[in-house]
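Shown next: input03.cif, given as mmCIF, C-alpha atoms.
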data_entry
loop_
_atom_site.group_PDB
_atom_site.id
_atom_site.type_symbol
_atom_site.label_atom_id
_atom_site.label_comp_id
_atom_site.auth_asym_id
_atom_site.auth_seq_id
_atom_site.Cartn_x
_atom_site.Cartn_y
_atom_site.Cartn_z
ATOM 1 C CA MET A 356 -33.493 12.575 -85.880
ATOM 2 C CA SER A 357 -34.300 8.875 -85.993
ATOM 3 C CA ARG A 358 -31.834 6.379 -84.686
ATOM 4 C CA ALA A 359 -30.967 3.245 -86.677
ATOM 5 C CA LEU A 360 -31.916 -0.022 -84.974
ATOM 6 C CA PRO A 361 -29.087 -2.345 -84.030
ATOM 7 C CA LYS A 362 -28.759 -5.455 -86.160
ATOM 8 C CA TYR A 363 -29.991 -7.788 -83.409
ATOM 9 C CA SER A 364 -33.118 -5.624 -82.957
ATOM 10 C CA LYS A 365 -33.930 -5.895 -86.647
ATOM 11 C CA ARG A 366 -33.693 -9.665 -86.428
ATOM 12 C CA ARG A 367 -36.018 -9.726 -83.415
ATOM 13 C CA VAL A 368 -38.606 -7.559 -85.188
ATOM 14 C CA ALA A 369 -38.498 -9.888 -88.196
ATOM 15 C CA ILE A 370 -39.027 -12.954 -85.994
ATOM 16 C CA ILE A 371 -41.913 -11.356 -84.120
ATOM 17 C CA GLY A 372 -43.539 -10.258 -87.394
ATOM 18 C CA GLY A 373 -43.206 -13.749 -88.843
ATOM 19 C CA ALA A 374 -44.781 -15.344 -85.767
ATOM 20 C CA ALA A 375 -47.674 -12.913 -85.949
ATOM 21 C CA ALA A 376 -48.208 -13.774 -89.596
ATOM 22 C CA VAL A 377 -48.242 -17.499 -88.777
ATOM 23 C CA ALA A 378 -50.690 -16.962 -85.920
ATOM 24 C CA LEU A 379 -52.933 -14.843 -88.137
ATOM 25 C CA SER A 380 -52.917 -17.421 -90.930
ATOM 26 C CA GLY A 381 -53.706 -20.154 -88.381
ATOM 27 C CA ALA A 382 -56.651 -18.143 -87.111
ATOM 28 C CA VAL A 383 -57.929 -17.708 -90.649
ATOM 29 C CA ILE A 384 -57.654 -21.460 -91.290
ATOM 30 C CA ALA A 385 -59.403 -22.314 -88.031
ATOM 31 C CA GLY A 386 -62.124 -19.784 -88.727
ATOM 32 C CA THR A 387 -62.628 -21.241 -92.169
ATOM 33 C CA ALA A 388 -62.968 -24.754 -90.731
ATOM 34 C CA LEU A 389 -65.432 -23.591 -88.110
ATOM 35 C CA ALA A 390 -67.427 -21.840 -90.778
ATOM 36 C CA GLY A 391 -68.193 -25.193 -92.346
ATOM 37 C CA GLN A 392 -65.397 -25.693 -94.856
ATOM 38 C CA PRO A 393 -64.894 -29.456 -95.254
ATOM 39 C CA ALA A 394 -61.579 -30.892 -94.202
ATOM 40 C CA LYS A 395 -59.655 -33.280 -96.380
ATOM 41 C CA GLY A 396 -60.202 -37.003 -96.069
ATOM 42 C CA GLY A 397 -63.988 -37.397 -95.973
ATOM 43 C CA GLY A 398 -65.112 -34.109 -94.450
ATOM 44 C CA ALA A 399 -66.956 -33.143 -97.615
ATOM 45 C CA GLN A 400 -68.910 -36.417 -97.494
ATOM 46 C CA ASN A 401 -70.020 -35.707 -93.909
ATOM 47 C CA ALA A 402 -71.011 -32.146 -94.797
ATOM 48 C CA ARG A 403 -73.167 -33.352 -97.690
ATOM 49 C CA THR A 404 -74.771 -36.011 -95.469
ATOM 50 C CA LEU A 405 -75.692 -33.457 -92.821
ATOM 51 C CA ALA A 406 -76.936 -30.892 -95.322
ATOM 52 C CA ALA A 407 -78.959 -33.285 -97.504
ATOM 53 C CA PRO A 408 -80.210 -36.446 -95.766
ATOM 54 C CA GLY A 409 -81.926 -37.621 -98.963
ATOM 55 C CA ALA A 410 -85.502 -38.765 -99.478
ATOM 56 C CA ILE A 411 -87.383 -42.039 -99.117
ATOM 57 C CA SER A 412 -88.842 -43.553 -102.270
ATOM 58 C CA CYS A 413 -91.470 -46.322 -102.337
ATOM 59 C CA PRO A 414 -93.099 -48.297 -105.178
ATOM 60 C CA ASP A 415 -96.461 -46.955 -106.335
ATOM 61 C CA VAL A 416 -99.337 -49.180 -105.199
ATOM 62 C CA ALA A 417 -102.308 -47.479 -106.873
ATOM 63 C CA SER A 418 -101.020 -48.211 -110.371
ATOM 64 C CA ARG A 419 -100.700 -51.920 -109.575
ATOM 65 C CA LEU A 420 -104.261 -52.478 -108.378
ATOM 66 C CA PRO A 421 -106.947 -54.282 -110.387
ATOM 67 C CA ALA A 422 -110.409 -52.795 -110.834
ATOM 68 C CA VAL A 423 -111.658 -51.665 -107.418
ATOM 69 C CA PRO A 424 -115.307 -52.558 -106.582
ATOM 70 C CA ALA A 425 -117.438 -49.503 -105.824
ATOM 71 C CA SER A 426 -118.154 -50.818 -102.313
ATOM 72 C CA ALA A 427 -114.413 -50.937 -101.568
ATOM 73 C CA LYS A 428 -113.382 -47.649 -103.157
ATOM 74 C CA ALA A 429 -113.635 -45.491 -100.030
ATOM 75 C CA GLU A 430 -111.569 -47.935 -97.952
ATOM 76 C CA VAL A 431 -108.982 -48.391 -100.710
ATOM 77 C CA ASP A 432 -108.642 -44.627 -101.235
ATOM 78 C CA ARG A 433 -108.268 -44.106 -97.490
ATOM 79 C CA ASN A 434 -105.444 -46.638 -97.292
ATOM 80 C CA LEU A 435 -103.722 -45.305 -100.423
ATOM 81 C CA ALA A 436 -103.709 -41.881 -98.744
ATOM 82 C CA LEU A 437 -102.313 -43.505 -95.608
ATOM 83 C CA LEU A 438 -99.425 -44.944 -97.633
ATOM 84 C CA GLN A 439 -98.498 -41.419 -98.695
ATOM 85 C CA THR A 440 -98.764 -40.160 -95.118
ATOM 86 C CA GLN A 441 -96.449 -42.939 -93.957
ATOM 87 C CA ILE A 442 -93.823 -41.919 -96.510
ATOM 88 C CA GLN A 443 -94.081 -38.266 -95.470
ATOM 89 C CA GLU A 444 -93.723 -39.196 -91.789
ATOM 90 C CA ALA A 445 -90.675 -41.343 -92.584
ATOM 91 C CA ASP A 446 -89.110 -38.468 -94.560
ATOM 92 C CA THR A 447 -89.699 -36.136 -91.613
ATOM 93 C CA ARG A 448 -88.102 -38.623 -89.229
ATOM 94 C CA LEU A 449 -85.170 -38.967 -91.642
ATOM 95 C CA LYS A 450 -84.529 -35.218 -91.516
ATOM 96 C CA ASN A 451 -85.006 -34.976 -87.739
ATOM 97 C CA THR A 452 -82.583 -37.778 -86.886
ATOM 98 C CA VAL A 453 -79.561 -36.908 -89.017
ATOM 99 C CA GLY A 454 -76.440 -38.000 -87.172
ATOM 100 C CA GLN A 455 -78.204 -40.338 -84.733
ATOM 101 C CA GLY A 456 -77.434 -44.000 -84.242
ATOM 102 C CA GLY A 457 -74.975 -46.253 -86.022
ATOM 103 C CA PRO A 458 -74.477 -47.126 -89.690
ATOM 104 C CA ASN A 459 -77.712 -49.163 -89.805
ATOM 105 C CA PHE A 460 -79.877 -46.608 -88.012
ATOM 106 C CA VAL A 461 -81.879 -45.624 -91.112
ATOM 107 C CA ASN A 462 -82.581 -49.245 -92.017
ATOM 108 C CA ASN A 463 -83.506 -50.304 -88.470
ATOM 109 C CA ALA A 464 -85.370 -47.223 -87.264
ATOM 110 C CA ILE A 465 -86.959 -45.792 -90.416
ATOM 111 C CA LEU A 466 -87.005 -48.066 -93.479
ATOM 112 C CA GLY A 467 -87.780 -51.241 -91.496
ATOM 113 C CA PRO A 468 -90.748 -49.825 -89.549
ATOM 114 C CA LEU A 469 -92.001 -48.110 -92.728
ATOM 115 C CA LYS A 470 -92.006 -51.454 -94.553
ATOM 116 C CA ASP A 471 -93.972 -53.050 -91.694
ATOM 117 C CA LYS A 472 -96.591 -50.281 -91.830
ATOM 118 C CA ARG A 473 -96.867 -50.588 -95.599
ATOM 119 C CA VAL A 474 -97.311 -54.375 -95.424
ATOM 120 C CA SER A 475 -100.294 -53.913 -93.098
ATOM 121 C CA THR A 476 -101.815 -51.073 -95.134
ATOM 122 C CA ILE A 477 -101.359 -52.882 -98.456
ATOM 123 C CA ASP A 478 -102.892 -55.992 -96.909
ATOM 124 C CA ARG A 479 -105.978 -54.002 -95.912
ATOM 125 C CA ILE A 480 -106.270 -52.743 -99.492
ATOM 126 C CA ALA A 481 -106.102 -56.290 -100.864
ATOM 127 C CA ILE A 482 -108.671 -57.533 -98.320
ATOM 128 C CA ALA A 483 -111.058 -54.677 -99.184
ATOM 129 C CA ILE A 484 -110.864 -55.457 -102.914
ATOM 130 C CA GLY A 485 -111.209 -59.202 -102.270
ATOM 131 C CA ARG A 486 -114.513 -58.873 -100.438
ATOM 132 C CA LYS A 487 -116.401 -58.107 -103.654
ATOM 133 C CA GLY A 488 -113.861 -59.069 -106.293
ATOM 134 C CA THR A 489 -110.648 -60.996 -106.819
ATOM 135 C CA LYS A 490 -108.139 -60.325 -104.054
ATOM 136 C CA PRO A 491 -104.928 -59.097 -105.715
ATOM 137 C CA ALA A 492 -101.827 -61.192 -105.009
ATOM 138 C CA GLY A 493 -98.194 -60.194 -104.730
ATOM 139 C CA LEU A 494 -98.768 -56.641 -103.545
ATOM 140 C CA ASP A 495 -96.504 -57.227 -100.538
ATOM 141 C CA ALA A 496 -93.568 -56.967 -102.938
ATOM 142 C CA LEU A 497 -94.341 -53.237 -103.127
ATOM 143 C CA ALA A 498 -93.854 -52.715 -99.384
ATOM 144 C CA PRO A 499 -90.052 -52.160 -99.132
ATOM 145 C CA CYS A 500 -88.816 -48.633 -99.716
ATOM 146 C CA ALA A 501 -85.344 -47.256 -100.417
ATOM 147 C CA LEU A 502 -83.342 -44.180 -99.520
ATOM 148 C CA ASN A 503 -82.414 -41.910 -102.405
ATOM 149 C CA ALA A 504 -79.492 -40.357 -100.548
ATOM 150 C CA ALA A 505 -78.237 -37.020 -101.773
ATOM 151 C CA GLY A 506 -75.372 -37.220 -99.321
ATOM 152 C CA GLY A 507 -73.819 -40.650 -99.403
ATOM 153 C CA ALA A 508 -75.575 -43.980 -98.996
ATOM 154 C CA ALA A 509 -74.611 -46.756 -96.644
ATOM 155 C CA ALA A 510 -74.684 -50.372 -97.709
ATOM 156 C CA GLY A 511 -78.081 -52.009 -97.854
ATOM 157 C CA GLY A 512 -80.044 -48.861 -98.596
ATOM 158 C CA GLY A 513 -78.962 -47.118 -95.417
ATOM 159 C CA ARG A 514 -77.316 -43.740 -95.074
ATOM 160 C CA ALA A 515 -73.910 -42.790 -93.779
ATOM 161 C CA GLN A 516 -74.356 -41.562 -90.234
ATOM 162 C CA ALA A 517 -72.184 -39.091 -88.416
ATOM 163 C CA THR A 518 -71.031 -39.667 -84.876
ATOM 164 C CA ALA A 519 -73.848 -39.195 -82.359
ATOM 165 C CA THR A 520 -74.303 -35.566 -81.420
ATOM 166 C CA PRO A 521 -73.716 -34.400 -77.846
ATOM 167 C CA GLY A 522 -76.648 -35.227 -75.634
ATOM 168 C CA THR A 523 -77.694 -38.259 -77.678
ATOM 169 C CA GLY A 524 -74.909 -40.559 -76.619
ATOM 170 C CA ALA A 525 -75.084 -44.169 -75.588
ATOM 171 C CA ASN A 526 -75.840 -43.375 -71.973
ATOM 172 C CA GLN A 527 -78.837 -41.098 -72.585
ATOM 173 C CA GLN A 528 -82.009 -43.092 -73.187
ATOM 174 C CA ALA A 529 -84.585 -41.397 -71.020
ATOM 175 C CA GLY A 530 -88.246 -41.324 -71.902
ATOM 176 C CA GLY A 531 -88.706 -44.999 -72.640
ATOM 177 C CA GLY A 532 -85.156 -45.652 -73.803
ATOM 178 C CA THR A 533 -82.494 -47.849 -72.310
ATOM 179 C CA ALA A 534 -79.003 -46.893 -71.269
ATOM 180 C CA ALA A 535 -76.120 -48.795 -72.787
ATOM 181 C CA GLY A 536 -74.748 -51.391 -70.427
ATOM 182 C CA ALA A 537 -77.902 -51.372 -68.299
ATOM 183 C CA ALA A 538 -80.682 -53.939 -68.261
ATOM 184 C CA VAL A 539 -82.482 -53.694 -71.574
ATOM 185 C CA GLY A 540 -85.900 -54.501 -70.180
ATOM 186 C CA THR A 541 -88.757 -56.171 -72.008
ATOM 187 C CA ILE A 542 -91.775 -54.983 -73.970
ATOM 188 C CA GLY A 543 -95.165 -55.954 -72.592
ATOM 189 C CA CYS A 544 -98.480 -55.647 -74.428
ATOM 190 C CA PRO A 545 -102.133 -56.135 -73.374
ATOM 191 C CA ASP A 546 -103.524 -59.610 -74.058
ATOM 192 C CA VAL A 547 -105.957 -59.568 -76.974
ATOM 193 C CA ALA A 548 -107.175 -63.182 -76.981
ATOM 194 C CA SER A 549 -108.787 -62.854 -73.549
ATOM 195 C CA ARG A 550 -110.769 -59.793 -74.673
ATOM 196 C CA LEU A 551 -112.400 -61.378 -77.717
ATOM 197 C CA PRO A 552 -116.045 -62.459 -77.909
ATOM 198 C CA ALA A 553 -117.036 -65.873 -79.214
ATOM 199 C CA VAL A 554 -115.163 -66.473 -82.479
ATOM 200 C CA PRO A 555 -117.257 -67.951 -85.333
ATOM 201 C CA ALA A 556 -115.880 -71.260 -86.619
ATOM 202 C CA SER A 557 -115.376 -69.794 -90.092
ATOM 203 C CA ALA A 558 -113.148 -67.052 -88.636
ATOM 204 C CA LYS A 559 -111.153 -69.162 -86.189
ATOM 205 C CA ALA A 560 -108.214 -69.919 -88.474
ATOM 206 C CA GLU A 561 -107.752 -66.273 -89.441
ATOM 207 C CA VAL A 562 -108.139 -65.072 -85.856
ATOM 208 C CA ASP A 563 -105.641 -67.637 -84.571
ATOM 209 C CA ARG A 564 -103.174 -66.684 -87.293
ATOM 210 C CA ASN A 565 -103.368 -63.026 -86.321
ATOM 211 C CA LEU A 566 -103.151 -63.758 -82.592
ATOM 212 C CA ALA A 567 -99.939 -65.663 -83.329
ATOM 213 C CA LEU A 568 -98.729 -62.699 -85.383
ATOM 214 C CA LEU A 569 -99.267 -60.406 -82.388
ATOM 215 C CA GLN A 570 -96.897 -62.603 -80.386
ATOM 216 C CA THR A 571 -94.347 -62.605 -83.206
ATOM 217 C CA GLN A 572 -94.469 -58.816 -83.351
ATOM 218 C CA ILE A 573 -93.712 -58.571 -79.637
ATOM 219 C CA GLN A 574 -90.803 -61.003 -79.978
ATOM 220 C CA GLU A 575 -89.378 -59.046 -82.919
ATOM 221 C CA ALA A 576 -89.695 -55.788 -80.978
ATOM 222 C CA ASN A 577 -87.870 -57.303 -77.993
ATOM 223 C CA THR A 578 -85.102 -58.528 -80.294
ATOM 224 C CA ARG A 579 -84.759 -55.065 -81.826
ATOM 225 C CA LEU A 580 -84.697 -53.590 -78.319
ATOM 226 C CA LYS A 581 -81.698 -55.760 -77.397
ATOM 227 C CA ASN A 582 -79.897 -55.168 -80.702
ATOM 228 C CA THR A 583 -80.130 -51.374 -80.586
ATOM 229 C CA VAL A 584 -79.020 -50.629 -77.029
ATOM 230 C CA GLY A 585 -77.302 -47.241 -76.994
ATOM 231 C CA GLN A 586 -78.558 -46.128 -80.401
ATOM 232 C CA GLY A 587 -80.425 -42.927 -81.102
ATOM 233 C CA GLY A 588 -81.563 -40.164 -78.810
ATOM 234 C CA PRO A 589 -83.695 -40.112 -75.668
ATOM 235 C CA ASN A 590 -86.880 -41.034 -77.550
ATOM 236 C CA PHE A 591 -85.351 -43.756 -79.731
ATOM 237 C CA VAL A 592 -87.257 -46.653 -78.122
ATOM 238 C CA ASN A 593 -90.589 -44.829 -78.347
ATOM 239 C CA ASN A 594 -90.075 -43.654 -81.918
ATOM 240 C CA ALA A 595 -88.285 -46.658 -83.431
ATOM 241 C CA ILE A 596 -89.716 -49.624 -81.506
ATOM 242 C CA LEU A 597 -92.842 -48.950 -79.427
ATOM 243 C CA GLY A 598 -94.440 -46.643 -82.012
ATOM 244 C CA PRO A 599 -94.019 -48.998 -84.995
ATOM 245 C CA LEU A 600 -95.095 -51.942 -82.810
ATOM 246 C CA LYS A 601 -98.323 -50.132 -81.935
ATOM 247 C CA ASP A 602 -98.976 -49.458 -85.642
ATOM 248 C CA LYS A 603 -98.513 -53.144 -86.473
ATOM 249 C CA ARG A 604 -100.791 -54.204 -83.623
ATOM 250 C CA VAL A 605 -103.524 -51.767 -84.695
ATOM 251 C CA SER A 606 -103.570 -53.360 -88.159
ATOM 252 C CA THR A 607 -103.461 -56.936 -86.838
ATOM 253 C CA ILE A 608 -106.145 -56.335 -84.216
ATOM 254 C CA ASP A 609 -108.281 -54.672 -86.890
ATOM 255 C CA ARG A 610 -107.996 -57.792 -89.056
ATOM 256 C CA ILE A 611 -109.106 -59.905 -86.098
ATOM 257 C CA ALA A 612 -112.155 -57.706 -85.518
ATOM 258 C CA ILE A 613 -113.043 -57.756 -89.236
ATOM 259 C CA ALA A 614 -112.773 -61.561 -89.364
ATOM 260 C CA ILE A 615 -115.096 -61.976 -86.370
ATOM 261 C CA GLY A 616 -117.526 -59.395 -87.736
ATOM 262 C CA ARG A 617 -118.051 -61.231 -91.023
ATOM 263 C CA LYS A 618 -120.135 -63.934 -89.323
ATOM 264 C CA GLY A 619 -120.834 -62.390 -85.951
ATOM 265 C CA THR A 620 -120.756 -59.120 -84.043
ATOM 266 C CA LYS A 621 -117.606 -57.135 -84.752
ATOM 267 C CA PRO A 622 -115.938 -56.391 -81.405
ATOM 268 C CA ALA A 623 -115.416 -52.715 -80.618
ATOM 269 C CA GLY A 624 -112.724 -50.968 -78.627
ATOM 270 C CA LEU A 625 -109.949 -53.488 -79.301
ATOM 271 C CA ASP A 626 -107.662 -50.711 -80.587
ATOM 272 C CA ALA A 627 -107.166 -49.709 -76.960
ATOM 273 C CA LEU A 628 -105.083 -52.878 -76.595
ATOM 274 C CA ALA A 629 -102.580 -51.857 -79.286
ATOM 275 C CA ALA A 630 -100.202 -49.740 -77.207
ATOM 276 C CA CYS A 631 -97.337 -51.515 -75.443
ATOM 277 C CA THR A 632 -94.912 -50.407 -72.755
ATOM 278 C CA LEU A 633 -91.304 -50.993 -71.785
ATOM 279 C CA THR A 634 -90.731 -52.669 -68.434
ATOM 280 C CA LYS A 635 -87.168 -52.267 -67.183
#
Is it possible to give me this structure as structure tokens?
Amino acid sequence: MSRALPKYSKRRVAIIGGAAAVALSGAVIAGTALAGQPAKGGGAQNARTLAAPGAISCPDVASRLPAVPASAKAEVDRNLALLQTQIQEADTRLKNTVGQGGPNFVNNAILGPLKDKRVSTIDRIAIAIGRKGTKPAGLDALAPCALNAAGGAAAGGGRAQATATPGTGANQQAGGGTAAGAAVGTIGCPDVASRLPAVPASAKAEVDRNLALLQTQIQEANTRLKNTVGQGGPNFVNNAILGPLKDKRVSTIDRIAIAIGRKGTKPAGLDALAACTLTK
């Protein structure tokens, strides 16, 4: 025969049951949040940014070219293909660096270096056409690209960036990076001028202009190095500064060699001078 619970026992059972229900509902809410449900107040924006970093879009160069001389077609086609490769590489970097750096990371580390590469490649296309025809003007306006962000765009064509993920914080810059608060270091590059053969008089102005450009590129890279201390992951300096600098130097050194070769012997092996290093 069952015994009736005292009144105070009934109240205690009700309280315990209510607490269990609250705890269970809290667990369900927490589990839902951990499962990726966006929180109120901007969480949905962050989720979209992480899930869909967007894609990089660049103006089409091929459709803006004049008639290409037969002797230049192979070189022009090669550089048009390179433009596409550069966009694909930038898109890959965009996907692989979601959440890294500050609000201007995409502009500084992806769109900026991509523009620099495109300027050099487009310039080679124009030079190739100009050797046997009329060199097209104004193609540099096609160099800048933009981010078609599926998950929220930052001002100036950038992309909203989440807080740096664990392990890519300001104090981790190994592998050619720099730690925040530490000495930034400087970028040093091999001297090109001292490795050149005799420069024909007709090529001197162009060679001097490109030698000066090599110095400007180093200065710009050093400025970027100082302005991005603490940004990105352990390979940020290699990927966002030293790598793009090498690409620029390859193009500039190539223009120097081409200029000398028009009236003399084109120097070989200068590409070995393109790579630079970080001295801390």
Run through the PyMOL selection byres ((chain A and resi 597-605) around 7) on the given coordinates and return the selected residues as a ChimeraX atom specification.
-> /A:468,471-472,475,569,572,576,592-596,606-609,626,629-631
Have a look at CA of Leu435 in chain A and CA of Pro622 in chain A and let me know their distance in Å, one decimal.
-> 25.2 Å
Name the residues that the PyMOL selection byres ((chain A and resi 540) around 6) pulls out of this structure, and write them as a PyMOL selection string.
-> chain A and resi 538-539+541+634-635
Counting all atoms listed in the file, the option among A:Gly624, A:Lys487, A:Thr440, A:Gly454 closest to Gly588 in chain A =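 Of all the options, A:Gly454 lies closest to Gly588 in chain A.
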Closest contacts (range 471-501 of chain A/range 460-463 of chain A, max 12 Å, only C-alpha atoms) as a tab-separated table:
residue	atom	partner	partner_atom	distance
A:Asp471	CA	A:Asn463	CA	11.3
A:Pro499	CA	A:Asn462	CA	10.7
A:Cys500	CA	A:Asn462	CA	9.9
A:Ala501	CA	A:Asn462	CA	9.1
Across A:Leu420, A:Leu466, A:Asn577, A:Ala567, the smallest distance to Ala445 in chain A, with only C-alpha atoms counted, is shown by A:Leu466
Around range 434-437 of chain A, fit a box with edges along x, y and z, padding it by 4 Å on each side, then list its centre and edge lengths in Å to one decimal as lines of an AutoDock Vina configuration file.
center_x = -103.9
center_y = -44.3
center_z = -98.0
size_x = 11.1
size_y = 12.8
size_z = 12.8
Point-to-point distance in Å for CA of Ile480 in chain A and CA of Pro545 in chain A |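 Separation between CA of Pro545 in chain A and CA of Ile480 in chain A: 26.7 Å.
As for CA of Arg433 in chain A and CA of Lys450 in chain A, they are spaced 26.0 Å apart.
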Out of A:Ile615, A:Leu580, A:Ala422, A:Ala498, which residue has the shortest atom-to-atom distance to Ile442 in chain A when counting only C-alpha atoms?
->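 Using only C-alpha atoms, the shortest distance to Ile442 in chain A belongs to A:Ala498.
Residues matched by the PyMOL selection byres ((chain A and resi 485) around 12) in this file are Leu420, Pro421, Ala422, Val423, Pro424, Ser426, Ala427, Lys428, Val431, Asp478, Arg479, Ile480, Ala481, Ile482, Ala483, Ile484, Arg486, Lys487, Gly488, Thr489, Lys490, Pro491 and Ala492 of chain A.
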Point out the residue among A:Val584, A:Leu625, A:Ile611, A:Ile411 with the least atom-to-atom distance to Val554 in chain A, counting only C-alpha atoms.
->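 Residue with the minimum atom-to-atom distance to Val554 in chain A: A:Ile611.
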Counting only C-alpha atoms, the residue among A:Ala417, A:Ile573, A:Ala410, A:Leu437 that lies closest to Leu449 in chain A is A:Ala410
Closest of A:Ala627, A:Thr578, A:Val416, A:Thr452 to Ile542 in chain A - atom-to-atom distances counting only C-alpha atoms = A:Thr578
